[in-house]
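*Asks:* Please see the structure below; I have some questions.
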Amino acid sequence: MRRTIPNILIVGTPGTGKTTLASLIAEKAAFNHINISELSREKNFCDEFDHQRNCHVLDEDKLLDFLEDDLQVNAGGFVIEYHGCDFFPERWFDAVFILRTDNTKLFDRLKARNYSESKIRENVECEIFGVLCDEARDSYKSNVVQPELASNTTDDMEKNAETILQWIEMYKLNANS
Ligand code: ADP
Ligand code: MN
């Protein structure tokens, strides 16, 4: 069964602007904004601690069950954001948007977050190599993965919000006709 209201996934290296953009979309489209990192911290979906990488490992099964059973993601109207996308069920998303940011800008944003040198390097390299773009293209059909969105300036941000909001409107028109 096709949803009448779509679900949107926003992916991108940390610092590319996912949370800022998703908040805008959620507000303007009256969608539920799910920040997977935040939700996982709140609900304790993180299990063991990875000491080498200094971060928690996500318990994906617990997270997915919660999204499906408690939040009813399948119904539509969600804008979900995370720096990974290969473990979500493909059927959940009607469009996947990938944010891209120039290295120097990304570096400055992560530095401003007080990330360690190694974490900054890891993330900037992830962005340079387009790791998340590959992951998105490997995990979702080509008609679901949308053209990459540059996220370097506040102008970009507004343009991207507009692009996604228009995509949502088009989807609704098609679904209801
Ligand atoms: P993410 O959720 O992907 O880690 P955030 O939305 O937290 O990224 O954005 C990281 C920082 O960059 C924030 O300070 C935000 O204000 C800024 N930012 C995000 N997108 C843009 C953009 N398109 N242009 C300029 N600054 C941005
Ligand atoms: Mn974020």
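Every chain in the structure tokens takes a letter, A first, then B, and so on in the order presented; its residues are numbered from 1, and the ligands are numbered from 1 following the presented order.
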Taking only C-alpha atoms and all ligand atoms into account, list the residues no farther than 6 Å from ligand 1, as a compact mmCIF listing (two decimals) with C-alpha atoms, in the first residue's frame.

*Replies:*
# COMPACT_ATOMS: atom_id res chain seq x y z
CA PRO A 14 28.26 14.98 10.56
CA GLY A 15 28.29 18.77 10.19
CA THR A 16 26.71 18.94 6.74
CA GLY A 17 23.50 20.43 8.16
CA LYS A 18 21.07 17.53 8.55
CA THR A 19 19.54 18.63 11.85
CA THR A 20 19.14 22.25 10.77
CA ARG A 109 31.98 23.43 11.52
CA SER A 151 25.00 22.59 1.93
CA ASN A 152 27.66 25.28 2.15
CA THR A 153 25.74 28.49 2.78
CA THR A 154 22.50 29.60 4.40
CA ASP A 156 21.85 26.64 0.08
CA MET A 157 19.94 25.70 3.20

*Asks:* Please check which protein, DNA or RNA residues sit within 12 Å of ligand 2, counting only C-alpha atoms and all ligand atoms, and write them as a PDB file with N, CA, C and O atoms, in the first residue's frame.

*Replies:*
ATOM      1  N   ILE A  10      17.158  12.144   5.382  1.00  0.00           N
ATOM      2  CA  ILE A  10      18.245  13.074   5.075  1.00  0.00           C
ATOM      3  C   ILE A  10      19.536  12.478   5.619  1.00  0.00           C
ATOM      4  O   ILE A  10      19.625  12.172   6.809  1.00  0.00           O
ATOM      5  N   VAL A  11      20.509  12.267   4.733  1.00  0.00           N
ATOM      6  CA  VAL A  11      21.792  11.710   5.164  1.00  0.00           C
ATOM      7  C   VAL A  11      22.919  12.689   4.843  1.00  0.00           C
ATOM      8  O   VAL A  11      22.758  13.582   4.009  1.00  0.00           O
ATOM      9  N   GLY A  12      24.022  12.508   5.507  1.00  0.00           N
ATOM     10  CA  GLY A  12      25.177  13.367   5.270  1.00  0.00           C
ATOM     11  C   GLY A  12      26.175  13.172   6.390  1.00  0.00           C
ATOM     12  O   GLY A  12      25.807  12.787   7.501  1.00  0.00           O
ATOM     13  N   THR A  13      27.435  13.467   6.083  1.00  0.00           N
ATOM     14  CA  THR A  13      28.505  13.427   7.077  1.00  0.00           C
ATOM     15  C   THR A  13      28.127  14.374   8.227  1.00  0.00           C
ATOM     16  O   THR A  13      27.487  15.398   7.968  1.00  0.00           O
ATOM     17  N   PRO A  14      28.516  14.048   9.470  1.00  0.00           N
ATOM     18  CA  PRO A  14      28.263  14.982  10.563  1.00  0.00           C
ATOM     19  C   PRO A  14      28.751  16.392  10.207  1.00  0.00           C
ATOM     20  O   PRO A  14      29.835  16.548   9.670  1.00  0.00           O
ATOM     21  N   GLY A  15      27.922  17.391  10.466  1.00  0.00           N
ATOM     22  CA  GLY A  15      28.295  18.775  10.191  1.00  0.00           C
ATOM     23  C   GLY A  15      27.772  19.318   8.868  1.00  0.00           C
ATOM     24  O   GLY A  15      27.896  20.508   8.591  1.00  0.00           O
ATOM     25  N   THR A  16      27.179  18.460   8.041  1.00  0.00           N
ATOM     26  CA  THR A  16      26.709  18.943   6.738  1.00  0.00           C
ATOM     27  C   THR A  16      25.385  19.720   6.851  1.00  0.00           C
ATOM     28  O   THR A  16      24.989  20.385   5.896  1.00  0.00           O
ATOM     29  N   GLY A  17      24.708  19.611   7.984  1.00  0.00           N
ATOM     30  CA  GLY A  17      23.500  20.428   8.158  1.00  0.00           C
ATOM     31  C   GLY A  17      22.196  19.652   8.211  1.00  0.00           C
ATOM     32  O   GLY A  17      21.125  20.228   8.017  1.00  0.00           O
ATOM     33  N   LYS A  18      22.270  18.367   8.533  1.00  0.00           N
ATOM     34  CA  LYS A  18      21.065  17.529   8.555  1.00  0.00           C
ATOM     35  C   LYS A  18      20.031  18.019   9.562  1.00  0.00           C
ATOM     36  O   LYS A  18      18.850  18.134   9.247  1.00  0.00           O
ATOM     37  N   THR A  19      20.487  18.273  10.794  1.00  0.00           N
ATOM     38  CA  THR A  19      19.541  18.633  11.853  1.00  0.00           C
ATOM     39  C   THR A  19      18.881  19.974  11.561  1.00  0.00           C
ATOM     40  O   THR A  19      17.665  20.131  11.736  1.00  0.00           O
ATOM     41  N   THR A  20      19.680  20.925  11.092  1.00  0.00           N
ATOM     42  CA  THR A  20      19.142  22.246  10.774  1.00  0.00           C
ATOM     43  C   THR A  20      18.095  22.131   9.665  1.00  0.00           C
ATOM     44  O   THR A  20      16.994  22.675   9.779  1.00  0.00           O
ATOM     45  N   LEU A  21      18.423  21.406   8.611  1.00  0.00           N
ATOM     46  CA  LEU A  21      17.511  21.280   7.478  1.00  0.00           C
ATOM     47  C   LEU A  21      16.251  20.486   7.855  1.00  0.00           C
ATOM     48  O   LEU A  21      15.135  20.885   7.529  1.00  0.00           O
ATOM     49  N   ALA A  22      16.447  19.385   8.564  1.00  0.00           N
ATOM     50  CA  ALA A  22      15.303  18.554   8.951  1.00  0.00           C
ATOM     51  C   ALA A  22      14.331  19.338   9.845  1.00  0.00           C
ATOM     52  O   ALA A  22      13.111  19.187   9.727  1.00  0.00           O
ATOM     53  N   SER A  23      14.856  20.195  10.716  1.00  0.00           N
ATOM     54  CA  SER A  23      13.991  20.995  11.580  1.00  0.00           C
ATOM     55  C   SER A  23      13.129  21.931  10.746  1.00  0.00           C
ATOM     56  O   SER A  23      11.931  22.089  11.007  1.00  0.00           O
ATOM     57  N   HIS A  33       9.984  15.119  13.079  1.00  0.00           N
ATOM     58  CA  HIS A  33      11.433  15.134  12.902  1.00  0.00           C
ATOM     59  C   HIS A  33      12.076  14.097  13.818  1.00  0.00           C
ATOM     60  O   HIS A  33      11.932  14.184  15.033  1.00  0.00           O
ATOM     61  N   ILE A  34      12.745  13.123  13.231  1.00  0.00           N
ATOM     62  CA  ILE A  34      13.444  12.124  14.042  1.00  0.00           C
ATOM     63  C   ILE A  34      14.946  12.242  13.801  1.00  0.00           C
ATOM     64  O   ILE A  34      15.449  11.963  12.705  1.00  0.00           O
ATOM     65  N   ASN A  35      15.645  12.680  14.844  1.00  0.00           N
ATOM     66  CA  ASN A  35      17.101  12.726  14.824  1.00  0.00           C
ATOM     67  C   ASN A  35      17.563  11.413  15.469  1.00  0.00           C
ATOM     68  O   ASN A  35      17.436  11.223  16.671  1.00  0.00           O
ATOM     69  N   ILE A  36      18.048  10.510  14.629  1.00  0.00           N
ATOM     70  CA  ILE A  36      18.347   9.147  15.102  1.00  0.00           C
ATOM     71  C   ILE A  36      19.385   9.129  16.233  1.00  0.00           C
ATOM     72  O   ILE A  36      19.246   8.381  17.201  1.00  0.00           O
ATOM     73  N   SER A  37      20.409   9.992  16.134  1.00  0.00           N
ATOM     74  CA  SER A  37      21.434  10.020  17.197  1.00  0.00           C
ATOM     75  C   SER A  37      20.816  10.440  18.525  1.00  0.00           C
ATOM     76  O   SER A  37      21.077   9.826  19.561  1.00  0.00           O
ATOM     77  N   GLU A  38      20.009  11.480  18.462  1.00  0.00           N
ATOM     78  CA  GLU A  38      19.392  11.996  19.674  1.00  0.00           C
ATOM     79  C   GLU A  38      18.410  10.981  20.273  1.00  0.00           C
ATOM     80  O   GLU A  38      18.436  10.708  21.468  1.00  0.00           O
ATOM     81  N   LEU A  39      17.565  10.428  19.412  1.00  0.00           N
ATOM     82  CA  LEU A  39      16.592   9.436  19.858  1.00  0.00           C
ATOM     83  C   LEU A  39      17.294   8.243  20.525  1.00  0.00           C
ATOM     84  O   LEU A  39      16.867   7.751  21.572  1.00  0.00           O
ATOM     85  N   ILE A  80      13.473  11.850   8.728  1.00  0.00           N
ATOM     86  CA  ILE A  80      14.438  11.151   9.579  1.00  0.00           C
ATOM     87  C   ILE A  80      15.835  11.527   9.125  1.00  0.00           C
ATOM     88  O   ILE A  80      16.093  11.656   7.918  1.00  0.00           O
ATOM     89  N   GLU A  81      16.725  11.777  10.062  1.00  0.00           N
ATOM     90  CA  GLU A  81      18.093  12.160   9.688  1.00  0.00           C
ATOM     91  C   GLU A  81      19.127  11.378  10.482  1.00  0.00           C
ATOM     92  O   GLU A  81      18.959  11.160  11.678  1.00  0.00           O
ATOM     93  N   TYR A  82      20.171  10.990   9.752  1.00  0.00           N
ATOM     94  CA  TYR A  82      21.262  10.231  10.376  1.00  0.00           C
ATOM     95  C   TYR A  82      22.454  10.220   9.430  1.00  0.00           C
ATOM     96  O   TYR A  82      22.294  10.456   8.229  1.00  0.00           O
ATOM     97  N   HIS A  83      23.622   9.899   9.970  1.00  0.00           N
ATOM     98  CA  HIS A  83      24.817   9.867   9.118  1.00  0.00           C
ATOM     99  C   HIS A  83      25.047   8.479   8.524  1.00  0.00           C
ATOM    100  O   HIS A  83      26.146   8.177   8.058  1.00  0.00           O
ATOM    101  N   GLY A  84      24.019   7.666   8.544  1.00  0.00           N
ATOM    102  CA  GLY A  84      24.119   6.355   7.912  1.00  0.00           C
ATOM    103  C   GLY A  84      22.734   5.988   7.431  1.00  0.00           C
ATOM    104  O   GLY A  84      21.748   6.581   7.872  1.00  0.00           O
ATOM    105  N   LEU A  99      23.230  15.443   1.784  1.00  0.00           N
ATOM    106  CA  LEU A  99      23.834  16.781   1.889  1.00  0.00           C
ATOM    107  C   LEU A  99      25.341  16.689   1.672  1.00  0.00           C
ATOM    108  O   LEU A  99      25.987  15.763   2.171  1.00  0.00           O
ATOM    109  N   ARG A 109      33.176  23.764  10.726  1.00  0.00           N
ATOM    110  CA  ARG A 109      31.978  23.432  11.522  1.00  0.00           C
ATOM    111  C   ARG A 109      32.290  22.391  12.597  1.00  0.00           C
ATOM    112  O   ARG A 109      31.786  22.480  13.720  1.00  0.00           O
ATOM    113  N   LEU A 110      33.105  21.401  12.255  1.00  0.00           N
ATOM    114  CA  LEU A 110      33.420  20.346  13.226  1.00  0.00           C
ATOM    115  C   LEU A 110      34.368  20.869  14.304  1.00  0.00           C
ATOM    116  O   LEU A 110      34.277  20.491  15.472  1.00  0.00           O
ATOM    117  N   ARG A 113      32.581  22.569  16.890  1.00  0.00           N
ATOM    118  CA  ARG A 113      31.912  21.626  17.791  1.00  0.00           C
ATOM    119  C   ARG A 113      32.878  20.987  18.776  1.00  0.00           C
ATOM    120  O   ARG A 113      32.485  20.080  19.515  1.00  0.00           O
TER     121      ARG A 113
END

*Asks:* Would you give me, as a PyMOL selection string, the residues in stretch 28-145 of chain A that DSSP reads as helix (DSSP H, G or I)?

*Replies:* chain A and resi 28-29+36-43+60-70+73-75+90-92+103-112+117-128+131-139

*Asks:* Residues of stretch 1-173 of chain A classed as strand (DSSP E or B) by DSSP on the backbone are to be reported as a ChimeraX atom specification.

*Replies:* /A:8-11,32-35,46-50,55-58,78-82,95-100,145,149-150

*Asks:* What would the file look like if the residues just selected were written as an mmCIF file, in the first residue's frame with N, CA and C atoms?

*Replies:*
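After the write, part.cif holds the following:
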data_model
loop_
_atom_site.group_PDB
_atom_site.id
_atom_site.type_symbol
_atom_site.label_atom_id
_atom_site.label_comp_id
_atom_site.auth_asym_id
_atom_site.auth_seq_id
_atom_site.Cartn_x
_atom_site.Cartn_y
_atom_site.Cartn_z
ATOM 1 N N ILE A 8 10.771 10.989 4.415
ATOM 2 C CA ILE A 8 11.992 11.540 3.841
ATOM 3 C C ILE A 8 13.169 11.140 4.715
ATOM 4 N N LEU A 9 14.266 10.723 4.098
ATOM 5 C CA LEU A 9 15.496 10.466 4.851
ATOM 6 C C LEU A 9 16.549 11.480 4.409
ATOM 7 N N ILE A 10 17.158 12.144 5.382
ATOM 8 C CA ILE A 10 18.245 13.074 5.075
ATOM 9 C C ILE A 10 19.536 12.478 5.619
ATOM 10 N N VAL A 11 20.509 12.267 4.733
ATOM 11 C CA VAL A 11 21.792 11.710 5.164
ATOM 12 C C VAL A 11 22.919 12.689 4.843
ATOM 13 N N ASN A 32 7.013 14.806 11.397
ATOM 14 C CA ASN A 32 7.720 14.410 12.617
ATOM 15 C C ASN A 32 9.208 14.352 12.334
ATOM 16 N N HIS A 33 9.984 15.119 13.079
ATOM 17 C CA HIS A 33 11.433 15.134 12.902
ATOM 18 C C HIS A 33 12.076 14.097 13.818
ATOM 19 N N ILE A 34 12.745 13.123 13.231
ATOM 20 C CA ILE A 34 13.444 12.124 14.042
ATOM 21 C C ILE A 34 14.946 12.242 13.801
ATOM 22 N N ASN A 35 15.645 12.680 14.844
ATOM 23 C CA ASN A 35 17.101 12.726 14.824
ATOM 24 C C ASN A 35 17.563 11.413 15.469
ATOM 25 N N CYS A 46 21.825 2.651 22.471
ATOM 26 C CA CYS A 46 23.263 2.460 22.268
ATOM 27 C C CYS A 46 23.662 1.348 23.209
ATOM 28 N N ASP A 47 24.326 0.330 22.697
ATOM 29 C CA ASP A 47 24.789 -0.682 23.652
ATOM 30 C C ASP A 47 26.246 -0.489 24.003
ATOM 31 N N GLU A 48 27.124 -1.353 23.543
ATOM 32 C CA GLU A 48 28.487 -1.267 24.066
ATOM 33 C C GLU A 48 29.208 -0.004 23.588
ATOM 34 N N PHE A 49 30.252 0.359 24.307
ATOM 35 C CA PHE A 49 31.033 1.546 23.982
ATOM 36 C C PHE A 49 32.261 1.130 23.184
ATOM 37 N N ASP A 50 32.459 1.781 22.043
ATOM 38 C CA ASP A 50 33.624 1.504 21.201
ATOM 39 C C ASP A 50 34.761 2.424 21.659
ATOM 40 N N CYS A 55 33.007 6.193 20.806
ATOM 41 C CA CYS A 55 31.574 6.442 20.619
ATOM 42 C C CYS A 55 30.782 5.173 20.928
ATOM 43 N N HIS A 56 29.489 5.354 21.092
ATOM 44 C CA HIS A 56 28.628 4.211 21.363
ATOM 45 C C HIS A 56 28.263 3.494 20.077
ATOM 46 N N VAL A 57 28.051 2.199 20.184
ATOM 47 C CA VAL A 57 27.601 1.430 19.032
ATOM 48 C C VAL A 57 26.080 1.333 19.117
ATOM 49 N N LEU A 58 25.441 1.600 18.010
ATOM 50 C CA LEU A 58 23.982 1.627 17.971
ATOM 51 C C LEU A 58 23.400 0.215 17.969
ATOM 52 N N PHE A 78 7.233 11.439 8.181
ATOM 53 C CA PHE A 78 8.450 11.537 8.984
ATOM 54 C C PHE A 78 9.609 12.093 8.168
ATOM 55 N N VAL A 79 10.370 12.973 8.792
ATOM 56 C CA VAL A 79 11.660 13.344 8.225
ATOM 57 C C VAL A 79 12.710 12.827 9.207
ATOM 58 N N ILE A 80 13.473 11.850 8.728
ATOM 59 C CA ILE A 80 14.438 11.151 9.579
ATOM 60 C C ILE A 80 15.835 11.527 9.125
ATOM 61 N N GLU A 81 16.725 11.777 10.062
ATOM 62 C CA GLU A 81 18.093 12.160 9.688
ATOM 63 C C GLU A 81 19.127 11.378 10.482
ATOM 64 N N TYR A 82 20.171 10.990 9.752
ATOM 65 C CA TYR A 82 21.262 10.231 10.376
ATOM 66 C C TYR A 82 22.454 10.220 9.430
ATOM 67 N N ALA A 95 11.950 9.112 -0.410
ATOM 68 C CA ALA A 95 13.044 9.895 -0.987
ATOM 69 C C ALA A 95 14.192 9.964 0.009
ATOM 70 N N VAL A 96 15.417 9.875 -0.529
ATOM 71 C CA VAL A 96 16.619 10.008 0.287
ATOM 72 C C VAL A 96 17.401 11.212 -0.252
ATOM 73 N N PHE A 97 17.643 12.189 0.608
ATOM 74 C CA PHE A 97 18.391 13.383 0.220
ATOM 75 C C PHE A 97 19.762 13.355 0.893
ATOM 76 N N ILE A 98 20.798 13.629 0.103
ATOM 77 C CA ILE A 98 22.176 13.596 0.620
ATOM 78 C C ILE A 98 22.742 15.013 0.631
ATOM 79 N N LEU A 99 23.230 15.443 1.784
ATOM 80 C CA LEU A 99 23.834 16.781 1.889
ATOM 81 C C LEU A 99 25.341 16.689 1.672
ATOM 82 N N ARG A 100 25.904 17.656 0.952
ATOM 83 C CA ARG A 100 27.347 17.707 0.700
ATOM 84 C C ARG A 100 27.902 19.067 1.095
ATOM 85 N N VAL A 145 16.831 7.778 -4.420
ATOM 86 C CA VAL A 145 17.970 8.644 -4.069
ATOM 87 C C VAL A 145 17.931 9.890 -4.959
ATOM 88 N N LEU A 149 22.593 17.468 -2.590
ATOM 89 C CA LEU A 149 22.317 18.871 -2.295
ATOM 90 C C LEU A 149 23.545 19.518 -1.655
ATOM 91 N N ALA A 150 24.037 20.611 -2.263
ATOM 92 C CA ALA A 150 25.157 21.348 -1.663
ATOM 93 C C ALA A 150 24.648 22.055 -0.421
#

*Asks:* Would you work out the distance separating atom CA of A:Ala26 from atom CA of A:Gly77, expressed in Å to one decimal?

*Replies:*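 Between atom CA of A:Ala26 and atom CA of A:Gly77 the gap works out to 8.9 Å.
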
*Asks:* Could you jot down the atom CA of A:Asn103 to atom CA of A:Asn160 separation for me, Å, one decimal place?

*Replies:*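 Separation between atom CA of A:Asn103 and atom CA of A:Asn160: 19.1 Å.
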
*Asks:* Which is closest to A:Ile25 among A:Pro89, A:Cys126, A:Glu169, A:Ser177, if we use only C-alpha atoms?

*Replies:*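 Once distances to A:Ile25 are computed over only C-alpha atoms, the minimum belongs to A:Glu169.
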